[in-house]
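Engineer: Input file: start-v8.csv. Contents: CSV, C-alpha atoms.
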chain,number,residue,atom,x,y,z
F,1,MET,CA,-21.1,-8.9,31.9
F,2,THR,CA,-17.7,-7.3,31.0
F,3,LEU,CA,-19.5,-4.4,29.3
F,4,ALA,CA,-21.5,-1.7,31.0
F,5,LEU,CA,-23.7,-1.2,28.0
F,6,ASP,CA,-26.9,-3.2,28.2
F,7,THR,CA,-27.3,-6.1,25.7
F,8,ALA,CA,-30.2,-4.6,23.9
F,9,ALA,CA,-28.1,-1.5,23.1
F,10,GLN,CA,-25.1,-3.6,22.1
F,11,ASP,CA,-27.4,-5.4,19.6
F,12,LEU,CA,-29.0,-2.2,18.3
F,13,LEU,CA,-25.8,-0.5,17.7
F,14,PHE,CA,-23.4,-3.2,16.7
F,15,ARG,CA,-24.5,-6.9,16.6
F,16,GLU,CA,-27.9,-6.7,14.9
F,17,ALA,CA,-27.3,-3.5,12.9
F,18,ARG,CA,-26.3,-4.0,9.3
F,19,THR,CA,-25.3,-1.9,6.3
F,20,ALA,CA,-28.6,-1.7,4.4
F,21,ASN,CA,-28.8,-1.8,0.6
F,22,THR,CA,-32.6,-1.6,0.3
F,23,PHE,CA,-35.1,0.5,2.3
F,24,THR,CA,-38.8,0.7,2.9
F,25,ASP,CA,-40.5,4.0,1.8
F,26,GLU,CA,-41.0,5.1,5.4
F,27,PRO,CA,-39.7,8.7,5.6
F,28,VAL,CA,-36.8,9.9,7.8
F,29,SER,CA,-37.8,13.2,9.4
F,30,ASP,CA,-35.6,16.2,10.2
F,31,GLU,CA,-36.5,15.6,13.8
F,32,GLN,CA,-34.9,12.2,13.7
F,33,VAL,CA,-31.7,13.7,12.1
F,34,GLN,CA,-31.7,16.4,14.7
F,35,ALA,CA,-32.0,13.8,17.5
F,36,ILE,CA,-29.1,11.9,16.0
F,37,TYR,CA,-26.9,15.0,15.7
F,38,ASP,CA,-27.8,16.2,19.2
F,39,LEU,CA,-26.6,12.8,20.6
F,40,VAL,CA,-23.4,12.3,18.6
F,41,LYS,CA,-22.2,15.9,18.7
F,42,PHE,CA,-20.8,15.1,22.2
F,43,ALA,CA,-18.3,12.6,21.0
F,44,PRO,CA,-14.7,13.8,21.0
F,45,THR,CA,-12.6,15.4,18.3
F,46,ALA,CA,-9.1,16.9,18.5
F,47,PHE,CA,-9.2,20.4,19.8
F,48,ASN,CA,-13.0,20.0,19.8
F,49,GLN,CA,-12.7,21.0,16.1
F,50,GLN,CA,-15.9,19.3,14.9
F,51,PRO,CA,-15.1,19.5,11.2
F,52,LEU,CA,-18.0,17.3,10.1
F,53,ARG,CA,-20.6,19.0,7.9
F,54,VAL,CA,-23.8,17.2,6.6
F,55,ILE,CA,-25.9,17.8,3.6
F,56,LEU,CA,-29.3,16.1,3.7
F,57,VAL,CA,-30.4,15.4,0.1
F,58,ARG,CA,-34.2,15.6,0.0
F,59,SER,CA,-35.1,17.3,-3.3
F,60,THR,CA,-35.4,15.4,-6.6
F,61,GLU,CA,-32.9,17.8,-8.1
F,62,GLY,CA,-30.5,17.3,-5.2
F,63,ARG,CA,-30.8,13.5,-5.6
F,64,GLU,CA,-29.9,13.8,-9.3
F,65,ARG,CA,-26.9,16.0,-8.6
F,66,LEU,CA,-25.7,13.4,-6.1
F,67,VAL,CA,-26.4,10.1,-7.9
F,68,LYS,CA,-24.5,11.1,-11.1
F,69,HIS,CA,-21.2,11.2,-9.1
F,70,LEU,CA,-21.7,7.8,-7.5
F,71,ALA,CA,-20.2,4.4,-8.6
F,72,ASP,CA,-22.6,2.5,-10.7
F,73,GLY,CA,-23.3,-0.1,-8.0
F,74,ASN,CA,-24.4,2.7,-5.6
F,75,LYS,CA,-26.7,4.6,-7.9
F,76,ALA,CA,-30.0,2.6,-7.7
F,77,LYS,CA,-30.1,2.3,-3.9
F,78,THR,CA,-29.2,5.9,-3.4
F,79,ALA,CA,-31.8,7.0,-5.8
F,80,THR,CA,-34.5,5.3,-3.7
F,81,ALA,CA,-33.3,5.6,-0.1
F,82,PRO,CA,-35.7,7.6,2.1
F,83,LEU,CA,-32.9,10.0,3.0
F,84,VAL,CA,-29.3,10.5,1.9
F,85,ALA,CA,-26.7,12.3,3.9
F,86,ILE,CA,-23.4,13.7,2.4
F,87,LEU,CA,-20.8,13.8,5.1
F,88,ALA,CA,-17.9,16.2,4.5
F,89,ALA,CA,-14.9,17.7,6.3
F,90,ASP,CA,-14.8,21.5,6.5
F,91,ASN,CA,-11.2,22.3,5.8
F,92,GLU,CA,-11.7,25.8,7.3
F,93,PHE,CA,-12.9,24.4,10.6
F,94,HIS,CA,-10.2,26.4,12.3
F,95,GLU,CA,-12.2,29.6,11.9
F,96,GLU,CA,-14.6,28.3,14.6
F,97,LEU,CA,-11.8,27.2,17.0
F,98,PRO,CA,-11.7,30.4,19.2
F,99,ARG,CA,-15.3,29.7,20.1
F,100,LEU,CA,-15.1,25.8,20.2
F,101,PHE,CA,-11.8,25.6,22.1
F,102,PRO,CA,-12.1,28.6,24.4
F,103,HIS,CA,-9.3,27.6,26.9
F,104,PHE,CA,-6.7,28.0,24.1
F,105,PRO,CA,-8.1,30.2,21.4
F,106,ALA,CA,-4.7,30.7,19.8
F,107,ALA,CA,-4.8,27.0,18.7
F,108,LYS,CA,-6.4,28.4,15.5
F,109,ASP,CA,-3.1,30.1,14.5
F,110,VAL,CA,-0.5,28.0,16.4
F,111,PHE,CA,-1.6,24.6,15.0
F,112,PHE,CA,-3.8,25.3,12.0
F,113,SER,CA,-2.4,28.1,10.0
F,114,GLU,CA,-1.2,25.8,7.2
F,115,ARG,CA,-3.8,24.3,4.8
F,116,PRO,CA,-2.2,20.8,4.5
F,117,THR,CA,-2.2,20.5,8.3
F,118,ARG,CA,-5.8,21.6,8.5
F,119,GLU,CA,-6.9,19.2,5.7
F,120,GLY,CA,-5.2,16.2,7.4
F,121,SER,CA,-6.7,17.0,10.8
F,122,ALA,CA,-10.2,17.7,9.2
F,123,ALA,CA,-10.0,14.4,7.3
F,124,LEU,CA,-9.2,12.3,10.4
F,125,ASN,CA,-11.6,14.1,12.7
F,126,ALA,CA,-14.5,14.1,10.2
F,127,ALA,CA,-14.0,10.4,9.7
F,128,LEU,CA,-14.1,9.9,13.4
F,129,GLN,CA,-17.4,11.9,13.4
F,130,ALA,CA,-18.7,9.8,10.5
F,131,GLY,CA,-18.2,6.8,12.7
F,132,TYR,CA,-20.1,8.4,15.5
F,133,PHE,CA,-22.8,9.5,13.0
F,134,ILE,CA,-23.3,5.9,11.7
F,135,ILE,CA,-23.7,4.7,15.3
F,136,GLY,CA,-26.2,7.6,15.8
F,137,VAL,CA,-28.3,6.5,12.9
F,138,ARG,CA,-28.5,3.1,14.4
F,139,ALA,CA,-29.3,4.6,17.8
F,140,ALA,CA,-32.4,6.1,16.1
F,141,GLY,CA,-33.6,2.6,15.1
F,142,LEU,CA,-32.6,3.2,11.5
F,143,ALA,CA,-30.3,1.5,9.2
F,144,ALA,CA,-27.3,3.2,7.6
F,145,GLY,CA,-25.8,2.4,4.2
F,146,PRO,CA,-22.4,4.2,4.2
F,147,MET,CA,-20.6,4.4,0.9
F,148,THR,CA,-17.3,5.6,-0.3
F,149,GLY,CA,-17.7,4.6,-4.0
F,150,PHE,CA,-18.0,8.0,-5.7
F,151,ASP,CA,-16.1,10.7,-7.6
F,152,ALA,CA,-14.9,12.7,-4.6
F,153,GLU,CA,-13.7,15.7,-6.6
F,154,GLY,CA,-17.0,15.8,-8.5
F,155,LEU,CA,-19.0,15.7,-5.3
F,156,ASN,CA,-16.9,18.3,-3.7
F,157,LYS,CA,-17.4,20.7,-6.6
F,158,GLU,CA,-21.1,19.8,-7.0
F,159,PHE,CA,-22.1,20.5,-3.4
F,160,PHE,CA,-19.4,22.8,-2.0
F,161,ALA,CA,-18.8,25.7,-4.3
F,162,ASP,CA,-16.4,27.3,-1.8
F,163,GLY,CA,-13.7,24.7,-2.5
F,164,GLU,CA,-13.2,24.3,1.2
F,165,HIS,CA,-14.9,20.9,1.9
F,166,SER,CA,-13.9,17.3,1.2
F,167,VAL,CA,-16.6,14.6,1.1
F,168,VAL,CA,-15.7,11.6,3.3
F,169,ALA,CA,-18.8,9.4,2.9
F,170,VAL,CA,-22.3,9.3,1.6
F,171,VAL,CA,-24.9,7.5,3.8
F,172,ASN,CA,-28.2,6.2,2.8
F,173,ILE,CA,-30.6,6.2,5.8
F,174,GLY,CA,-34.0,4.5,6.4
F,175,LYS,CA,-35.8,1.4,7.6
F,176,PRO,CA,-34.3,-1.7,6.0
F,177,GLY,CA,-36.4,-3.1,3.1
F,178,ASP,CA,-36.6,-6.6,1.5
F,179,GLU,CA,-33.3,-8.5,1.4
F,180,ALA,CA,-31.6,-5.4,2.7
F,181,TRP,CA,-28.2,-7.1,3.2
F,182,PHE,CA,-25.9,-10.0,2.3
F,183,PRO,CA,-24.9,-12.5,4.9
F,184,ARG,CA,-22.4,-10.8,7.3
F,185,SER,CA,-18.8,-11.1,6.1
F,186,PRO,CA,-16.1,-12.3,8.5
F,187,ARG,CA,-14.4,-10.1,11.0
F,188,LEU,CA,-10.8,-10.3,11.9
F,189,GLU,CA,-10.1,-12.2,15.1
F,190,TYR,CA,-8.9,-10.3,18.2
F,191,ASP,CA,-5.4,-11.8,17.9
F,192,GLU,CA,-5.1,-10.6,14.4
F,193,VAL,CA,-5.8,-7.0,15.3
F,194,VAL,CA,-4.5,-6.5,18.9
F,195,THR,CA,-1.0,-7.0,20.0
F,196,THR,CA,0.7,-6.1,23.3
F,197,VAL,CA,4.1,-4.6,24.0
N,1,MET,CA,-38.5,9.4,22.4
N,2,THR,CA,-37.2,10.0,18.9
N,3,LEU,CA,-34.2,7.7,19.5
N,4,ALA,CA,-34.6,3.9,19.9
N,5,LEU,CA,-31.5,3.7,22.2
N,6,ASP,CA,-32.4,3.9,25.8
N,7,THR,CA,-31.5,7.0,27.8
N,8,ALA,CA,-29.0,5.3,30.1
N,9,ALA,CA,-27.1,4.1,27.0
N,10,GLN,CA,-27.2,7.5,25.4
N,11,ASP,CA,-25.7,9.0,28.6
N,12,LEU,CA,-23.1,6.2,28.9
N,13,LEU,CA,-21.8,6.6,25.4
N,14,PHE,CA,-22.3,10.2,24.6
N,15,ARG,CA,-23.8,12.6,27.1
N,16,GLU,CA,-22.0,11.8,30.3
N,17,ALA,CA,-18.9,10.3,28.8
N,18,ARG,CA,-16.0,12.7,28.6
N,19,THR,CA,-12.4,12.7,27.4
N,20,ALA,CA,-10.4,11.9,30.5
N,21,ASN,CA,-7.0,13.4,31.4
N,22,THR,CA,-6.5,11.7,34.7
N,23,PHE,CA,-7.2,8.1,35.8
N,24,THR,CA,-7.5,6.0,38.9
N,25,ASP,CA,-5.0,3.1,39.2
N,26,GLU,CA,-7.6,0.5,38.6
N,27,PRO,CA,-6.3,-1.8,35.9
N,28,VAL,CA,-7.9,-2.4,32.5
N,29,SER,CA,-7.8,-6.1,31.7
N,30,ASP,CA,-7.2,-7.9,28.4
N,31,GLU,CA,-10.7,-9.4,28.9
N,32,GLN,CA,-12.2,-5.9,28.8
N,33,VAL,CA,-10.3,-5.0,25.7
N,34,GLN,CA,-11.4,-8.2,24.0
N,35,ALA,CA,-15.1,-7.5,25.0
N,36,ILE,CA,-14.7,-4.0,23.4
N,37,TYR,CA,-13.2,-5.4,20.3
N,38,ASP,CA,-15.7,-8.2,20.0
N,39,LEU,CA,-18.5,-5.5,20.1
N,40,VAL,CA,-17.1,-2.8,17.8
N,41,LYS,CA,-15.6,-5.2,15.2
N,42,PHE,CA,-19.1,-5.5,13.7
N,43,ALA,CA,-19.4,-1.8,12.7
N,44,PRO,CA,-19.0,-1.2,9.0
N,45,THR,CA,-15.9,-0.4,6.9
N,46,ALA,CA,-15.6,-0.1,3.1
N,47,PHE,CA,-15.2,-3.5,1.5
N,48,ASN,CA,-15.2,-4.9,5.0
N,49,GLN,CA,-11.6,-4.0,5.0
N,50,GLN,CA,-11.1,-3.5,8.7
N,51,PRO,CA,-7.7,-1.8,8.5
N,52,LEU,CA,-7.5,-0.9,12.2
N,53,ARG,CA,-4.7,-2.5,14.2
N,54,VAL,CA,-4.2,-1.9,17.9
N,55,ILE,CA,-1.1,-2.1,20.1
N,56,LEU,CA,-1.8,-2.3,23.8
N,57,VAL,CA,1.1,-0.7,25.7
N,58,ARG,CA,1.5,-2.6,29.0
N,59,SER,CA,5.3,-2.9,29.7
N,60,THR,CA,7.4,-0.2,31.2
N,61,GLU,CA,9.7,-0.3,28.2
N,62,GLY,CA,6.7,0.0,25.8
N,63,ARG,CA,5.4,3.0,27.7
N,64,GLU,CA,8.8,4.7,27.5
N,65,ARG,CA,9.0,4.0,23.7
N,66,LEU,CA,5.6,5.6,23.3
N,67,VAL,CA,5.8,8.6,25.5
N,68,LYS,CA,8.9,10.0,24.0
N,69,HIS,CA,7.1,10.6,20.7
N,70,LEU,CA,4.1,12.4,22.3
N,71,ALA,CA,3.6,16.1,22.5
N,72,ASP,CA,4.7,17.5,25.9
N,73,GLY,CA,1.2,18.1,27.0
N,74,ASN,CA,0.3,14.4,26.5
N,75,LYS,CA,3.3,12.8,28.2
N,76,ALA,CA,2.4,12.8,31.9
N,77,LYS,CA,-1.1,11.5,31.5
N,78,THR,CA,0.0,8.8,29.1
N,79,ALA,CA,2.8,7.8,31.4
N,80,THR,CA,0.3,7.1,34.2
N,81,ALA,CA,-2.9,5.9,32.4
N,82,PRO,CA,-3.8,2.3,33.3
N,83,LEU,CA,-3.7,1.2,29.7
N,84,VAL,CA,-2.7,2.9,26.5
N,85,ALA,CA,-3.8,1.8,23.0
N,86,ILE,CA,-2.0,2.8,19.8
N,87,LEU,CA,-4.5,2.8,17.0
N,88,ALA,CA,-3.0,2.4,13.5
N,89,ALA,CA,-4.1,1.8,9.9
N,90,ASP,CA,-2.6,-1.3,8.2
N,91,ASN,CA,-1.8,0.0,4.7
N,92,GLU,CA,-1.5,-3.6,3.5
N,93,PHE,CA,-5.1,-4.5,4.6
N,94,HIS,CA,-5.9,-5.6,1.0
N,95,GLU,CA,-3.9,-8.8,1.6
N,96,GLU,CA,-6.8,-10.0,3.8
N,97,LEU,CA,-9.6,-8.9,1.4
N,98,PRO,CA,-10.2,-12.3,-0.4
N,99,ARG,CA,-11.1,-13.7,3.1
N,100,LEU,CA,-12.9,-10.6,4.4
N,101,PHE,CA,-14.9,-9.7,1.3
N,102,PRO,CA,-15.6,-13.2,-0.1
N,103,HIS,CA,-18.3,-12.2,-2.5
N,104,PHE,CA,-15.8,-10.2,-4.6
N,105,PRO,CA,-12.3,-11.4,-3.8
N,106,ALA,CA,-10.9,-9.6,-6.9
N,107,ALA,CA,-11.5,-6.3,-5.0
N,108,LYS,CA,-8.0,-6.7,-3.7
N,109,ASP,CA,-6.5,-6.2,-7.1
N,110,VAL,CA,-9.3,-4.2,-8.9
N,111,PHE,CA,-9.4,-1.4,-6.3
N,112,PHE,CA,-6.4,-1.6,-4.1
N,113,SER,CA,-3.4,-2.5,-6.3
N,114,GLU,CA,-2.0,1.1,-5.9
N,115,ARG,CA,-0.4,2.1,-2.6
N,116,PRO,CA,-1.7,5.7,-2.5
N,117,THR,CA,-5.3,4.4,-3.0
N,118,ARG,CA,-4.8,1.9,-0.2
N,119,GLU,CA,-3.3,4.4,2.2
N,120,GLY,CA,-6.2,6.8,1.6
N,121,SER,CA,-8.8,4.1,2.2
N,122,ALA,CA,-7.0,2.7,5.2
N,123,ALA,CA,-6.7,6.2,6.7
N,124,LEU,CA,-10.4,6.8,6.3
N,125,ASN,CA,-11.6,3.4,7.5
N,126,ALA,CA,-9.2,3.2,10.4
N,127,ALA,CA,-10.4,6.6,11.6
N,128,LEU,CA,-14.0,5.3,11.3
N,129,GLN,CA,-12.9,2.3,13.4
N,130,ALA,CA,-11.2,4.6,15.9
N,131,GLY,CA,-14.5,6.3,16.4
N,132,TYR,CA,-16.2,2.9,17.0
N,133,PHE,CA,-13.3,2.0,19.4
N,134,ILE,CA,-13.8,5.1,21.5
N,135,ILE,CA,-17.5,4.4,21.7
N,136,GLY,CA,-16.6,0.8,22.7
N,137,VAL,CA,-14.3,1.9,25.5
N,138,ARG,CA,-17.2,3.9,26.9
N,139,ALA,CA,-19.5,0.9,26.4
N,140,ALA,CA,-17.2,-1.0,28.8
N,141,GLY,CA,-17.8,1.7,31.4
N,142,LEU,CA,-14.3,3.1,30.9
N,143,ALA,CA,-13.1,6.6,30.0
N,144,ALA,CA,-11.1,7.2,26.8
N,145,GLY,CA,-8.5,9.9,26.3
N,146,PRO,CA,-7.9,10.0,22.6
N,147,MET,CA,-4.9,12.0,21.4
N,148,THR,CA,-3.4,13.1,18.1
N,149,GLY,CA,-0.6,15.2,19.5
N,150,PHE,CA,2.4,13.0,18.6
N,151,ASP,CA,5.2,12.6,16.1
N,152,ALA,CA,3.4,10.3,13.7
N,153,GLU,CA,6.5,9.3,11.7
N,154,GLY,CA,8.4,8.6,14.9
N,155,LEU,CA,5.6,6.4,16.3
N,156,ASN,CA,5.2,4.6,13.0
N,157,LYS,CA,8.9,3.7,13.0
N,158,GLU,CA,9.1,2.9,16.7
N,159,PHE,CA,6.2,0.4,16.7
N,160,PHE,CA,5.8,-0.8,13.1
N,161,ALA,CA,9.2,-1.9,11.7
N,162,ASP,CA,7.5,-3.1,8.5
N,163,GLY,CA,6.8,0.4,7.3
N,164,GLU,CA,3.3,-0.6,6.4
N,165,HIS,CA,1.3,1.1,9.2
N,166,SER,CA,0.2,4.6,10.0
N,167,VAL,CA,-0.7,5.6,13.5
N,168,VAL,CA,-4.0,7.5,13.6
N,169,ALA,CA,-4.6,8.0,17.3
N,170,VAL,CA,-3.3,7.1,20.8
N,171,VAL,CA,-6.0,6.4,23.4
N,172,ASN,CA,-5.5,6.4,27.2
N,173,ILE,CA,-8.0,4.1,28.8
N,174,GLY,CA,-9.2,3.7,32.4
N,175,LYS,CA,-11.5,4.9,35.1
N,176,PRO,CA,-11.5,8.7,35.4
N,177,GLY,CA,-9.5,10.1,38.3
N,178,ASP,CA,-9.6,13.3,40.2
N,179,GLU,CA,-10.5,16.4,38.1
N,180,ALA,CA,-10.4,14.2,35.0
N,181,TRP,CA,-11.7,16.8,32.7
N,182,PHE,CA,-12.3,20.4,31.9
N,183,PRO,CA,-15.8,21.8,31.6
N,184,ARG,CA,-17.3,20.6,28.3
N,185,SER,CA,-16.5,23.0,25.5
N,186,PRO,CA,-19.3,24.1,23.1
N,187,ARG,CA,-20.7,22.0,20.3
N,188,LEU,CA,-21.8,23.4,17.0
N,189,GLU,CA,-25.5,23.9,16.6
N,190,TYR,CA,-27.5,21.6,14.3
N,191,ASP,CA,-28.1,24.5,11.9
N,192,GLU,CA,-24.4,25.2,11.6
N,193,VAL,CA,-23.6,21.6,10.6
N,194,VAL,CA,-26.6,20.3,8.7
N,195,THR,CA,-28.1,21.8,5.5
N,196,THR,CA,-30.7,20.4,3.2
N,197,VAL,CA,-30.8,20.4,-0.6
Give the structure from the file, written as structure tokens.
Structural biologist:
Amino acid sequence: MTLALDTAAQDLLFREARTANTFTDEPVSDEQVQAIYDLVKFAPTAFNQQPLRVILVRSTEGRERLVKHLADGNKAKTATAPLVAILAADNEFHEELPRLFPHFPAAKDVFFSERPTREGSAALNAALQAGYFIIGVRAAGLAAGPMTGFDAEGLNKEFFADGEHSVVAVVNIGKPGDEAWFPRSPRLEYDEVVTTV
Amino acid sequence: MTLALDTAAQDLLFREARTANTFTDEPVSDEQVQAIYDLVKFAPTAFNQQPLRVILVRSTEGRERLVKHLADGNKAKTATAPLVAILAADNEFHEELPRLFPHFPAAKDVFFSERPTREGSAALNAALQAGYFIIGVRAAGLAAGPMTGFDAEGLNKEFFADGEHSVVAVVNIGKPGDEAWFPRSPRLEYDEVVTTV
């Protein structure tokens, strides 16, 4: 037992969880999404910046606005998933820093006055949070189907009229349906990934 | 019980885990790192691309090469952490795709023949994997101290002579020491992050 996390939790979050391509029609409630958020919100970001923003797509109109920007291979499954979450980085996250990083409120201006710096930091930290979010979906006993095959500029304009957000991933969420996944593809071996100096 | 994950695991990974700034001198073994990797390697990446590469810094010389590129505020804690991991994106990850994504080996050329596209995908997916890695460190009962305060170009050149890797984060790892963290800073409320369309 090298890990402190119990085996059932290891399986739920990593070993048995799979990226789902089909779903049952069992709904995903706002309460479930709130429980996911209220768990993963504690995971760390640089300067506690928390740039991730989430749009839950529930309406028929919203679904149509989303699907038209997806790669063809992602359209059918996204049209029928019980819930779809658009994960985006808020490139103006620094406006919240005086509240979120109270022991150094000047961080907003010292580190993030330049837009390219903000965008880079928001992209990295929103991606970290997307990773936490996927784990959180699994913690709720649901399957996640994260996708990056979409017209990013189109989605940004469609859902974020302010021009201040960058979509990082779209995630289908629900209970896995029939033939929900392919056989698992190989993972890199430890020695291919980890070196020591 | 909206979540399927047991409460002890929720606490271990998210609620009680904190970003550590001090550590005890208890070592972190290669076996622990391998157990972390062998758990988090299963979490998803686009095209199963797995761009994350990890350098474990164990030697005195390696520690000196690392610390000199860090922001001043990160130097002392990184000089004394039991183990430090440099997390980087391999911008040539596509070379492994025919093996890692066997049901569409042409993905290597169809989607990733252009370096800027590869870099963008590697940055996003390595950041996702960095999120999984931080959760994995916590799953091992250890504290993570992830940092982005460093000279990225300097670190890239120092540790990746091939010019094909981009450091995304540096993570101190160990058992938390005395006064290991500040009081937890506020998190955004659900309604500030999540909207529905």
Engineer: Taking only C-alpha atoms into account and nothing else, which residues of chain N lie no more than 6 Å away from chain F? Please answer as an MDAnalysis selection string.
Structural biologist: chainID N and resid 3:5 14 42:43 53:58 62 100 127:128 131 139:141 186 193:197
Engineer: Please provide the set of residues having any atom within 6 Å of Asn91 in chain F, restricted to all atoms listed in the file, with same-chain residues fewer than 3 positions apart removed, written as an NGL selection string.
Structural biologist: :F and (119 or 122 or 164-165)
Engineer: What lies within 12 Å of Ala76 in chain N using all atoms listed in the file, ignoring chain neighbours under 3 positions off, as JSON, numbers by chain?
Structural biologist: {"N": [21, 22, 23, 63, 64, 66, 67, 68, 70, 71, 72, 73, 79, 80, 81, 172]}
